[in-house]
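Shown next: input-v9.pdb, containing PDB, C-alpha atoms and all ligand atoms.
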```
ATOM      1  CA  ASP A   1     123.402  95.460  83.865
ATOM      2  CA  GLU A   2     125.723  92.572  83.074
ATOM      3  CA  ARG A   3     124.333  90.044  85.548
ATOM      4  CA  VAL A   4     120.775  90.565  84.265
ATOM      5  CA  LYS A   5     121.954  90.110  80.679
ATOM      6  CA  GLU A   6     123.810  86.966  81.668
ATOM      7  CA  ILE A   7     120.759  85.441  83.392
ATOM      8  CA  ARG A   8     118.590  86.181  80.359
ATOM      9  CA  ARG A   9     121.206  84.779  77.978
ATOM     10  CA  GLU A  10     121.433  81.554  79.987
ATOM     11  CA  LEU A  11     117.645  81.175  79.820
ATOM     12  CA  ASP A  12     117.558  82.028  76.101
ATOM     13  CA  MET A  13     115.183  84.801  77.112
ATOM     14  CA  HIS A  14     114.368  87.928  75.148
ATOM     15  CA  VAL A  15     112.792  90.863  76.900
ATOM     16  CA  SER A  16     111.543  94.137  75.473
ATOM     17  CA  GLY A  17     109.814  97.122  77.022
ATOM     18  CA  ALA A  18     110.777 100.156  79.083
ATOM     19  CA  ASP A  19     111.800  99.974  82.763
ATOM     20  CA  VAL A  20     111.525  96.216  83.079
ATOM     21  CA  ALA A  21     111.892  94.649  86.528
ATOM     22  CA  LYS A  22     114.978  92.466  86.930
ATOM     23  CA  PRO A  23     114.606  88.701  86.845
ATOM     24  CA  CYS A  24     114.629  86.865  90.192
ATOM     25  CA  ILE A  25     116.469  83.572  90.306
ATOM     26  CA  SER A  26     114.933  82.463  93.605
ATOM     27  CA  PHE A  27     111.405  82.332  95.057
ATOM     28  CA  ALA A  28     112.632  84.236  98.094
ATOM     29  CA  HIS A  29     113.126  87.387  95.994
ATOM     30  CA  PHE A  30     109.626  87.512  94.525
ATOM     31  CA  GLY A  31     108.236  89.552  97.411
ATOM     32  CA  PHE A  32     105.639  86.888  98.207
ATOM     33  CA  ASP A  33     104.347  86.525 101.730
ATOM     34  CA  GLU A  34     105.515  83.621 103.865
ATOM     35  CA  ALA A  35     102.266  81.661 103.498
ATOM     36  CA  LEU A  36     102.446  81.532  99.696
ATOM     37  CA  LEU A  37     106.160  80.715  99.771
ATOM     38  CA  ASN A  38     105.444  77.823 102.105
ATOM     39  CA  VAL A  39     102.808  76.373  99.805
ATOM     40  CA  ILE A  40     105.212  76.640  96.848
ATOM     41  CA  ILE A  41     108.017  74.897  98.734
ATOM     42  CA  LYS A  42     105.584  72.219  99.946
ATOM     43  CA  HIS A  43     104.859  71.410  96.322
ATOM     44  CA  GLY A  44     108.476  70.501  95.910
ATOM     45  CA  TYR A  45     109.342  73.408  93.645
ATOM     46  CA  SER A  46     112.951  74.324  94.315
ATOM     47  CA  GLU A  47     113.418  77.202  91.904
ATOM     48  CA  PRO A  48     111.320  79.249  89.514
ATOM     49  CA  THR A  49     111.230  78.156  85.865
ATOM     50  CA  GLY A  50     112.744  80.476  83.260
ATOM     51  CA  ILE A  51     109.529  82.285  82.369
ATOM     52  CA  GLN A  52     108.619  82.581  86.078
ATOM     53  CA  LYS A  53     111.995  84.203  86.877
ATOM     54  CA  GLN A  54     111.173  87.147  84.626
ATOM     55  CA  ALA A  55     107.376  87.227  84.364
ATOM     56  CA  VAL A  56     106.702  87.154  88.120
ATOM     57  CA  PRO A  57     108.731  90.270  89.023
ATOM     58  CA  VAL A  58     107.269  92.110  86.022
ATOM     59  CA  ALA A  59     103.709  91.132  87.005
ATOM     60  CA  MET A  60     104.412  92.041  90.643
ATOM     61  CA  SER A  61     105.484  95.500  89.468
ATOM     62  CA  GLY A  62     101.968  95.932  88.045
ATOM     63  CA  ARG A  63     102.961  95.808  84.385
ATOM     64  CA  ASP A  64     101.177  94.126  81.509
ATOM     65  CA  ILE A  65     102.908  91.141  79.947
ATOM     66  CA  ILE A  66     103.033  89.421  76.599
ATOM     67  CA  GLY A  67     104.648  86.092  77.447
ATOM     68  CA  ILE A  68     105.732  83.590  74.832
ATOM     69  CA  ALA A  69     107.074  80.250  75.990
ATOM     70  CA  LYS A  70     106.455  76.666  75.012
ATOM     71  CA  THR A  71     104.109  74.255  76.757
ATOM     72  CA  GLY A  72     105.350  72.873  80.058
ATOM     73  CA  SER A  73     107.402  75.921  80.985
ATOM     74  CA  GLY A  74     105.365  76.804  84.088
ATOM     75  CA  LYS A  75     103.280  79.660  82.722
ATOM     76  CA  THR A  76     100.242  78.878  84.891
ATOM     77  CA  ALA A  77     101.987  79.587  88.186
ATOM     78  CA  ALA A  78     103.676  82.619  86.587
ATOM     79  CA  PHE A  79     100.263  84.299  86.444
ATOM     80  CA  ILE A  80      98.478  82.609  89.369
ATOM     81  CA  TRP A  81     101.012  83.747  91.994
ATOM     82  CA  PRO A  82     100.947  87.459  91.082
ATOM     83  CA  MET A  83      97.145  87.226  90.734
ATOM     84  CA  LEU A  84      96.870  85.915  94.292
ATOM     85  CA  ILE A  85      99.102  88.689  95.606
ATOM     86  CA  HIS A  86      97.030  91.230  93.642
ATOM     87  CA  ILE A  87      93.839  89.903  95.251
ATOM     88  CA  MET A  88      95.392  89.890  98.711
ATOM     89  CA  ASP A  89      96.354  93.535  98.276
ATOM     90  CA  GLN A  90      92.755  94.678  97.744
ATOM     91  CA  GLU A  91      91.489  97.129 100.327
ATOM     92  CA  GLU A  92      88.719  94.870 101.461
ATOM     93  CA  LEU A  93      86.806  92.088  99.855
ATOM     94  CA  GLN A  94      83.110  92.478  99.415
ATOM     95  CA  LYS A  95      80.980  89.423  99.347
ATOM     96  CA  GLY A  96      78.699  88.353  96.590
ATOM     97  CA  GLU A  97      80.549  89.874  93.704
ATOM     98  CA  GLY A  98      82.204  88.828  90.492
ATOM     99  CA  PRO A  99      85.868  87.855  90.175
ATOM    100  CA  ILE A 100      88.890  90.117  90.701
ATOM    101  CA  GLY A 101      91.118  87.760  88.726
ATOM    102  CA  LEU A 102      89.742  86.467  85.418
ATOM    103  CA  ILE A 103      91.498  83.863  83.272
ATOM    104  CA  LEU A 104      90.430  82.997  79.710
ATOM    105  CA  ALA A 105      91.461  79.583  78.461
ATOM    106  CA  PRO A 106      90.729  77.844  75.148
ATOM    107  CA  THR A 107      89.377  74.484  76.322
ATOM    108  CA  ARG A 108      87.584  72.737  79.126
ATOM    109  CA  GLU A 109      90.702  70.673  79.917
ATOM    110  CA  LEU A 110      92.898  73.750  80.189
ATOM    111  CA  ALA A 111      90.375  75.641  82.266
ATOM    112  CA  SER A 112      90.193  72.669  84.674
ATOM    113  CA  GLN A 113      93.979  72.443  84.929
ATOM    114  CA  ILE A 114      94.283  76.143  85.696
ATOM    115  CA  TYR A 115      91.465  75.834  88.220
ATOM    116  CA  THR A 116      93.319  73.021  90.025
ATOM    117  CA  GLU A 117      96.558  75.004  90.054
ATOM    118  CA  ALA A 118      94.791  78.132  91.330
ATOM    119  CA  LYS A 119      93.033  76.163  94.083
ATOM    120  CA  LYS A 120      96.238  74.675  95.365
ATOM    121  CA  PHE A 121      97.971  78.023  95.750
ATOM    122  CA  ALA A 122      94.847  79.884  96.904
ATOM    123  CA  LYS A 123      95.050  77.785 100.070
ATOM    124  CA  SER A 124      97.721  80.144 101.335
ATOM    125  CA  TYR A 125      95.302  83.041 101.178
ATOM    126  CA  GLY A 126      93.671  82.853 104.586
ATOM    127  CA  LEU A 127      97.031  82.225 106.251
ATOM    128  CA  ARG A 128      98.533  85.469 105.169
ATOM    129  CA  ASN A 129     100.078  88.048 107.416
ATOM    130  CA  GLY A 130      97.400  90.721 107.576
ATOM    131  CA  ILE A 131      99.646  93.782 107.395
ATOM    132  CA  LYS A 132      98.850  95.667 104.234
ATOM    133  CA  ASN A 133     101.464  96.528 101.642
ATOM    134  CA  ASP A 134     104.124  94.717 103.547
ATOM    135  CA  ALA A 135     104.800  91.636 101.520
ATOM    136  CA  HIS A 136     108.414  91.507 102.692
ATOM    137  CA  THR A 137     107.580  91.178 106.371
ATOM    138  CA  THR A 138     107.630  87.580 107.445
ATOM    139  CA  LEU A 139     105.180  86.321 110.029
ATOM    140  CA  SER A 140     106.009  87.888 113.366
ATOM    141  CA  ALA A 141     103.577  88.500 116.223
ATOM    142  CA  PRO A 142     100.528  86.223 116.034
ATOM    143  CA  SER A 143      98.300  89.241 116.714
ATOM    144  CA  GLN A 144      99.186  90.487 113.242
ATOM    145  CA  ILE A 145      97.606  87.524 111.541
ATOM    146  CA  LEU A 146      94.197  88.503 110.316
ATOM    147  CA  ALA A 147      91.560  85.939 109.631
ATOM    148  CA  LEU A 148      91.018  86.734 105.976
ATOM    149  CA  PRO A 149      88.211  85.156 104.027
ATOM    150  CA  LYS A 150      89.011  82.332 101.668
ATOM    151  CA  CYS A 151      90.028  83.085  98.132
ATOM    152  CA  ARG A 152      87.284  81.396  96.128
ATOM    153  CA  VAL A 153      88.043  79.912  92.739
ATOM    154  CA  ALA A 154      85.589  78.667  90.116
ATOM    155  CA  ALA A 155      85.754  77.350  86.568
ATOM    156  CA  VAL A 156      83.155  77.492  83.789
ATOM    157  CA  TYR A 157      83.346  75.850  80.378
ATOM    158  CA  GLY A 158      81.221  74.378  77.642
ATOM    159  CA  GLY A 159      80.092  70.784  77.642
ATOM    160  CA  ALA A 160      78.853  70.935  81.227
ATOM    161  CA  SER A 161      75.558  72.059  82.721
ATOM    162  CA  LYS A 162      75.016  75.817  82.636
ATOM    163  CA  MET A 163      72.634  75.524  85.556
ATOM    164  CA  ASP A 164      75.233  73.799  87.742
ATOM    165  CA  GLN A 165      77.805  76.438  86.918
ATOM    166  CA  PHE A 166      75.242  79.170  87.520
ATOM    167  CA  LYS A 167      74.588  77.760  90.989
ATOM    168  CA  GLU A 168      78.268  77.536  91.755
ATOM    169  CA  LEU A 169      78.870  81.188  90.884
ATOM    170  CA  ARG A 170      75.731  82.732  92.161
ATOM    171  CA  PRO A 171      75.638  82.466  95.987
ATOM    172  CA  GLY A 172      78.678  84.031  97.649
ATOM    173  CA  GLY A 173      80.710  85.439  94.788
ATOM    174  CA  ILE A 174      84.267  84.476  93.915
ATOM    175  CA  GLU A 175      87.709  86.013  93.635
ATOM    176  CA  ILE A 176      89.183  83.981  90.761
ATOM    177  CA  LEU A 177      87.233  82.766  87.736
ATOM    178  CA  VAL A 178      88.662  80.589  84.969
ATOM    179  CA  GLY A 179      86.682  79.904  81.852
ATOM    180  CA  THR A 180      86.367  79.353  78.160
ATOM    181  CA  PRO A 181      85.284  82.581  76.428
ATOM    182  CA  GLY A 182      81.860  81.432  75.194
ATOM    183  CA  ARG A 183      80.738  80.032  78.524
ATOM    184  CA  LEU A 184      81.999  83.084  80.402
ATOM    185  CA  ILE A 185      79.812  85.275  78.211
ATOM    186  CA  ASP A 186      76.843  82.949  78.808
ATOM    187  CA  MET A 187      77.365  83.232  82.565
ATOM    188  CA  VAL A 188      77.383  87.030  82.396
ATOM    189  CA  LYS A 189      74.229  87.019  80.268
ATOM    190  CA  MET A 190      72.564  84.765  82.832
ATOM    191  CA  LYS A 191      73.709  87.203  85.517
ATOM    192  CA  ALA A 192      75.541  84.421  87.335
ATOM    193  CA  THR A 193      78.501  86.771  87.559
ATOM    194  CA  ASN A 194      79.825  90.059  86.186
ATOM    195  CA  PHE A 195      83.176  91.573  85.260
ATOM    196  CA  ARG A 196      82.831  94.803  87.244
ATOM    197  CA  ARG A 197      85.442  93.838  89.827
ATOM    198  CA  VAL A 198      87.987  92.372  87.385
ATOM    199  CA  SER A 199      91.315  94.180  87.660
ATOM    200  CA  PHE A 200      93.674  91.330  86.755
ATOM    201  CA  LEU A 201      93.028  89.632  83.417
ATOM    202  CA  VAL A 202      94.880  86.689  81.894
ATOM    203  CA  LEU A 203      94.546  85.381  78.347
ATOM    204  CA  ASP A 204      96.143  81.956  78.412
ATOM    205  CA  GLU A 205      97.097  80.071  75.247
ATOM    206  CA  ALA A 206      96.011  82.989  73.101
ATOM    207  CA  ASP A 207      97.127  81.206  69.928
ATOM    208  CA  ARG A 208      94.819  78.271  70.617
ATOM    209  CA  MET A 209      91.911  80.560  71.416
ATOM    210  CA  PHE A 210      92.379  81.998  67.927
ATOM    211  CA  ASP A 211      92.629  78.543  66.336
ATOM    212  CA  LEU A 212      89.354  77.587  67.988
ATOM    213  CA  GLY A 213      87.626  80.693  66.671
ATOM    214  CA  PHE A 214      87.213  82.521  69.983
ATOM    215  CA  GLU A 215      88.627  85.825  68.784
ATOM    216  CA  PRO A 216      85.299  87.738  68.819
ATOM    217  CA  GLN A 217      84.413  86.450  72.279
ATOM    218  CA  VAL A 218      87.869  87.278  73.628
ATOM    219  CA  ARG A 219      87.635  90.817  72.263
ATOM    220  CA  SER A 220      84.135  91.285  73.610
ATOM    221  CA  ILE A 221      85.231  90.191  77.099
ATOM    222  CA  CYS A 222      88.293  92.473  77.037
ATOM    223  CA  ASP A 223      86.117  95.404  75.922
ATOM    224  CA  ASN A 224      83.887  94.880  78.929
ATOM    225  CA  ILE A 225      86.618  95.011  81.537
ATOM    226  CA  ARG A 226      87.889  98.271  83.004
ATOM    227  CA  PRO A 227      90.756  99.605  80.875
ATOM    228  CA  ASP A 228      93.002 100.261  83.882
ATOM    229  CA  ARG A 229      93.217  96.536  84.605
ATOM    230  CA  GLN A 230      96.483  94.599  84.533
ATOM    231  CA  THR A 231      96.580  92.233  81.544
ATOM    232  CA  LEU A 232      98.808  89.215  80.981
ATOM    233  CA  LEU A 233      98.695  87.370  77.675
ATOM    234  CA  PHE A 234     100.453  84.046  77.207
ATOM    235  CA  SER A 235     100.958  82.061  74.064
ATOM    236  CA  ALA A 236     103.124  79.180  72.918
ATOM    237  CA  THR A 237     103.456  80.681  69.430
ATOM    238  CA  PHE A 238     103.102  84.267  68.308
ATOM    239  CA  PRO A 239     101.562  84.633  64.852
ATOM    240  CA  LYS A 240     100.718  88.110  63.569
ATOM    241  CA  LYS A 241      97.009  87.929  64.442
ATOM    242  CA  VAL A 242      97.854  87.099  68.060
ATOM    243  CA  GLU A 243     100.362  89.935  68.131
ATOM    244  CA  ILE A 244      97.708  92.387  66.931
ATOM    245  CA  LEU A 245      95.285  91.280  69.629
ATOM    246  CA  ALA A 246      98.039  91.349  72.242
ATOM    247  CA  ARG A 247      98.895  94.967  71.410
ATOM    248  CA  GLU A 248      95.212  95.915  71.581
ATOM    249  CA  VAL A 249      94.403  94.411  74.947
ATOM    250  CA  THR A 250      97.592  95.373  76.806
ATOM    251  CA  THR A 251      99.030  98.734  77.858
ATOM    252  CA  GLU A 252     102.785  99.366  77.560
ATOM    253  CA  PRO A 253     103.423  95.647  77.889
ATOM    254  CA  VAL A 254     106.692  93.969  78.665
ATOM    255  CA  ARG A 255     107.299  91.260  76.121
ATOM    256  CA  ILE A 256     109.072  88.172  77.415
ATOM    257  CA  SER A 257     109.906  85.253  75.182
ATOM    258  CA  ILE A 258     111.897  82.101  75.776
ATOM    259  CA  GLY A 259     113.615  80.457  72.838
ATOM    260  CA  SER A 260     112.889  81.353  69.254
ATOM    261  CA  VAL A 261     109.431  82.692  68.495
ATOM    262  CA  GLY A 262     107.448  81.288  65.583
TER     263      GLY A 262
HETATM  264  P1  LIG B 301     102.653  75.731  80.679
HETATM  265  O1  LIG B 301     101.403  76.464  81.020
HETATM  266  O2  LIG B 301     103.786  76.644  80.387
HETATM  267  O3  LIG B 301     102.436  74.708  79.621
HETATM  268  P2  LIG B 301     102.331  74.581  83.289
HETATM  269  O4  LIG B 301     102.054  75.830  84.027
HETATM  270  O5  LIG B 301     101.191  73.707  82.974
HETATM  271  O6  LIG B 301     103.128  74.920  81.956
HETATM  272  O7  LIG B 301     103.449  73.797  84.115
HETATM  273  C1  LIG B 301     103.978  72.562  83.700
HETATM  274  C2  LIG B 301     104.324  71.717  84.929
HETATM  275  O8  LIG B 301     105.412  72.276  85.647
HETATM  276  C3  LIG B 301     103.180  71.580  85.912
HETATM  277  O9  LIG B 301     103.095  70.252  86.335
HETATM  278  C4  LIG B 301     103.602  72.484  87.077
HETATM  279  O10 LIG B 301     103.062  72.025  88.295
HETATM  280  C5  LIG B 301     105.092  72.371  87.039
HETATM  281  N1  LIG B 301     105.817  73.552  87.579
HETATM  282  C6  LIG B 301     105.464  74.845  87.463
HETATM  283  N2  LIG B 301     106.367  75.643  88.051
HETATM  284  C7  LIG B 301     107.331  74.845  88.549
HETATM  285  C8  LIG B 301     108.565  75.083  89.272
HETATM  286  N3  LIG B 301     108.970  76.309  89.571
HETATM  287  N4  LIG B 301     109.288  74.008  89.621
HETATM  288  C9  LIG B 301     108.883  72.758  89.304
HETATM  289  N5  LIG B 301     107.742  72.450  88.635
HETATM  290  C10 LIG B 301     106.979  73.493  88.251
HETATM  291 MG    MG B 302      99.588  76.613  80.160
END
```
Translate the structure of the given file into structure tokens.
Ligand code: ADP
Ligand code: MG
Amino acid sequence: DERVKEIRRELDMHVSGADVAKPCISFAHFGFDEALLNVIIKHGYSEPTGIQKQAVPVAMSGRDIIGIAKTGSGKTAAFIWPMLIHIMDQEELQKGEGPIGLILAPTRELASQIYTEAKKFAKSYGLRNGIKNDAHTTLSAPSQILALPKCRVAAVYGGASKMDQFKELRPGGIEILVGTPGRLIDMVKMKATNFRRVSFLVLDEADRMFDLGFEPQVRSICDNIRPDRQTLLFSATFPKKVEILAREVTTEPVRISIGSVG
């Protein structure tokens, strides 16, 4: 409708795909639980960034995304928030297993940044209203607050001790794992973790992963994750080779781009 078109025009946003969720101009409309909203507000965020306004409702609707927006546009939170909600919505968490949310990043620095961002929002996890499938209900009776386990986050990347990372992953399992493709594969080979539980996959900075020669590792990881997963791919630029990969690893994706795409 007209309002949706106007919002997208103002953000210089281009969206393609069938039955795309409408953009949300405020955090309150994302369908997040109170605990996550509180953490977001505490961080001093007053409104979602352009890519967040459209990518979050699409991700919350369970759809795959190809997101193209320049550096600094808030893409990390755009996938971390829906990933947290996805994890919270699991029937029950079993201990000692591999991640539910897996994020591939091109470098150690990026993996660490994503890890930090994920940790700060994962804090809301144990505070959540325990009523299932009721994200719109705000906290009411205290008896409805379930003591949920923590949402554990870990990062693995090259240039650091494999043994240390092995030890970090091995004991109790994790819910969110961030890593560079090569080291993630090493960790699976060492049986420090596995991808059996992954149902929410993010490929961040896909263009840089290509530039760094990680294409075979990225493909191999995607091939080893259940095909009915939700997949979000983000990139600052969108050359043909990234587009081909994006089409291969996603299912009926919604493509969202901000500004002109190179
Ligand atoms: P990108 O991945 O698109 O390069 P980042 O996710 O790293 O961007 O975000 C860039 C900066 O913007 C970070 O410091 C992040 O904390 C901040 N940020 C993210 N979302 C918001 C928001 N809604 N309001 C204000 N700052 C935000
Ligand atoms: Mg980023």
(request) With a distance cut-off of 6 Å and only C-alpha atoms, select the neighbouring residues of Val202 in chain A, excluding the residue or stretch itself and same-chain residues fewer than 3 positions from it, and output the selection as a ChimeraX atom specification. (result) /A:103,231-233
Could you give me, as a tab-separated table, a per-residue list for chain A showing, wherever an atom lies at most 10 Å from an atom of ligand MG 302 (chain B), the closest pair of atoms and their distance in Å to one decimal, using only C-alpha atoms and all ligand atoms and sorting by chain then residue number from low to high?
```
residue	atom	partner	partner_atom	distance
A:Ala69	CA	B:MG302	MG	9.3
A:Lys70	CA	B:MG302	MG	8.6
A:Thr71	CA	B:MG302	MG	6.1
A:Gly72	CA	B:MG302	MG	6.9
A:Ser73	CA	B:MG302	MG	7.9
A:Gly74	CA	B:MG302	MG	7.0
A:Lys75	CA	B:MG302	MG	5.4
A:Thr76	CA	B:MG302	MG	5.3
A:Ala77	CA	B:MG302	MG	8.9
A:Ala78	CA	B:MG302	MG	9.7
A:Phe79	CA	B:MG302	MG	10.0
A:Ala105	CA	B:MG302	MG	8.8
A:Leu110	CA	B:MG302	MG	7.3
A:Ala111	CA	B:MG302	MG	9.5
A:Gln113	CA	B:MG302	MG	8.5
A:Ile114	CA	B:MG302	MG	7.7
A:Asp204	CA	B:MG302	MG	6.6
A:Glu205	CA	B:MG302	MG	6.5
A:Phe234	CA	B:MG302	MG	8.0
A:Ser235	CA	B:MG302	MG	8.3
A:Ala236	CA	B:MG302	MG	8.5
```
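Every protein, DNA or RNA residue with an atom at most 9 Å from Arg170 in chain A, where all atoms listed in the file count and chain neighbours fewer than 2 positions away do not, is listed here: Gly96, Glu97, Gln165, Phe166, Lys167, Glu168, Gly172, Gly173, Ile174, Lys191, Ala192 and Thr193 of chain A.
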(request) Output the residue selection produced by the PyMOL selection byres (((chain A and resi 182) around 8) and not hetatm) on the file above, formatted as a PyMOL selection string. (result) chain A and resi 157-158+180-181+183-186+214+217
(message) So, with all atoms listed in the file as the atoms that count, which of A:Lys42, A:Arg152, A:Arg197, A:Arg63 lies closest to ligand LIG 301 (chain B)?
(response)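 Among A:Lys42, A:Arg152, A:Arg197, A:Arg63, it is A:Lys42 that comes nearest to ligand LIG 301 (chain B).
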(request) Rank nothing, just name the residue among A:Phe27, A:Phe32, A:Tyr45, A:Phe200 nearest to ligand LIG 301 (chain B), using only C-alpha atoms and all ligand atoms. (result)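 Among A:Phe27, A:Phe32, A:Tyr45, A:Phe200, it is A:Tyr45 that comes nearest to ligand LIG 301 (chain B).
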(request) One decimal, Å: what's the distance from atom C7 of ligand LIG 301 (chain B) over to CA of Leu84 in chain A, could you say? (result)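 Distance between the two atoms: 16.3 Å.
Closest approach to ligand LIG 301 (chain B) among A:Asn38, A:Gln230, A:Thr251, A:Ser26 is made by A:Ser26 (distances from all atoms listed in the file).
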(request) Figure out the distance between CA of Val15 in chain A and CA of Lys240 in chain A, please, to one decimal in Å. (result)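 Those two atoms sit 18.2 Å apart.
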Please return the centre and edge lengths, in Å to one decimal, of a box with edges along x, y and z that contains all listed atoms of ligand LIG 301 (chain B), widened by 5 Å on every side, as lines of an AutoDock Vina configuration file.
```
center_x = 105.2
center_y = 73.4
center_z = 84.6
size_x = 18.1
size_y = 16.4
size_z = 20.0
```
Can you complete the atoms of range 152-166 of chain A to N, CA and C atoms and list them as a compact mmCIF listing (two decimals), keeping the file's coordinate frame?
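Written output follows (result.txt):
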```
# COMPACT_ATOMS: atom_id res chain seq x y z
N ARG A 152 88.11 82.39 96.81
CA ARG A 152 87.28 81.40 96.13
C ARG A 152 87.60 81.34 94.64
N VAL A 153 87.67 80.13 94.13
CA VAL A 153 88.04 79.91 92.74
C VAL A 153 86.93 79.10 92.07
N ALA A 154 86.58 79.45 90.85
CA ALA A 154 85.59 78.67 90.12
C ALA A 154 85.99 78.56 88.65
N ALA A 155 85.48 77.53 87.99
CA ALA A 155 85.75 77.35 86.57
C ALA A 155 84.45 77.11 85.82
N VAL A 156 84.33 77.71 84.64
CA VAL A 156 83.16 77.49 83.79
C VAL A 156 83.62 77.19 82.37
N TYR A 157 82.96 76.23 81.74
CA TYR A 157 83.35 75.85 80.38
C TYR A 157 82.19 75.13 79.72
N GLY A 158 82.27 75.05 78.40
CA GLY A 158 81.22 74.38 77.64
C GLY A 158 81.23 72.88 77.88
N GLY A 159 80.16 72.23 77.50
CA GLY A 159 80.09 70.78 77.64
C GLY A 159 79.69 70.34 79.03
N ALA A 160 79.35 71.28 79.90
CA ALA A 160 78.85 70.94 81.23
C ALA A 160 77.61 71.78 81.48
N SER A 161 76.83 71.40 82.47
CA SER A 161 75.56 72.06 82.72
C SER A 161 75.71 73.54 83.08
N LYS A 162 75.01 74.39 82.33
CA LYS A 162 75.02 75.82 82.64
C LYS A 162 74.39 76.08 84.00
N MET A 163 73.36 75.32 84.30
CA MET A 163 72.63 75.52 85.56
C MET A 163 73.54 75.23 86.75
N ASP A 164 74.31 74.14 86.65
CA ASP A 164 75.23 73.80 87.74
C ASP A 164 76.28 74.90 87.95
N GLN A 165 76.78 75.39 86.82
CA GLN A 165 77.81 76.44 86.92
C GLN A 165 77.19 77.73 87.44
N PHE A 166 75.98 78.01 87.02
CA PHE A 166 75.24 79.17 87.52
C PHE A 166 75.14 79.10 89.05
```
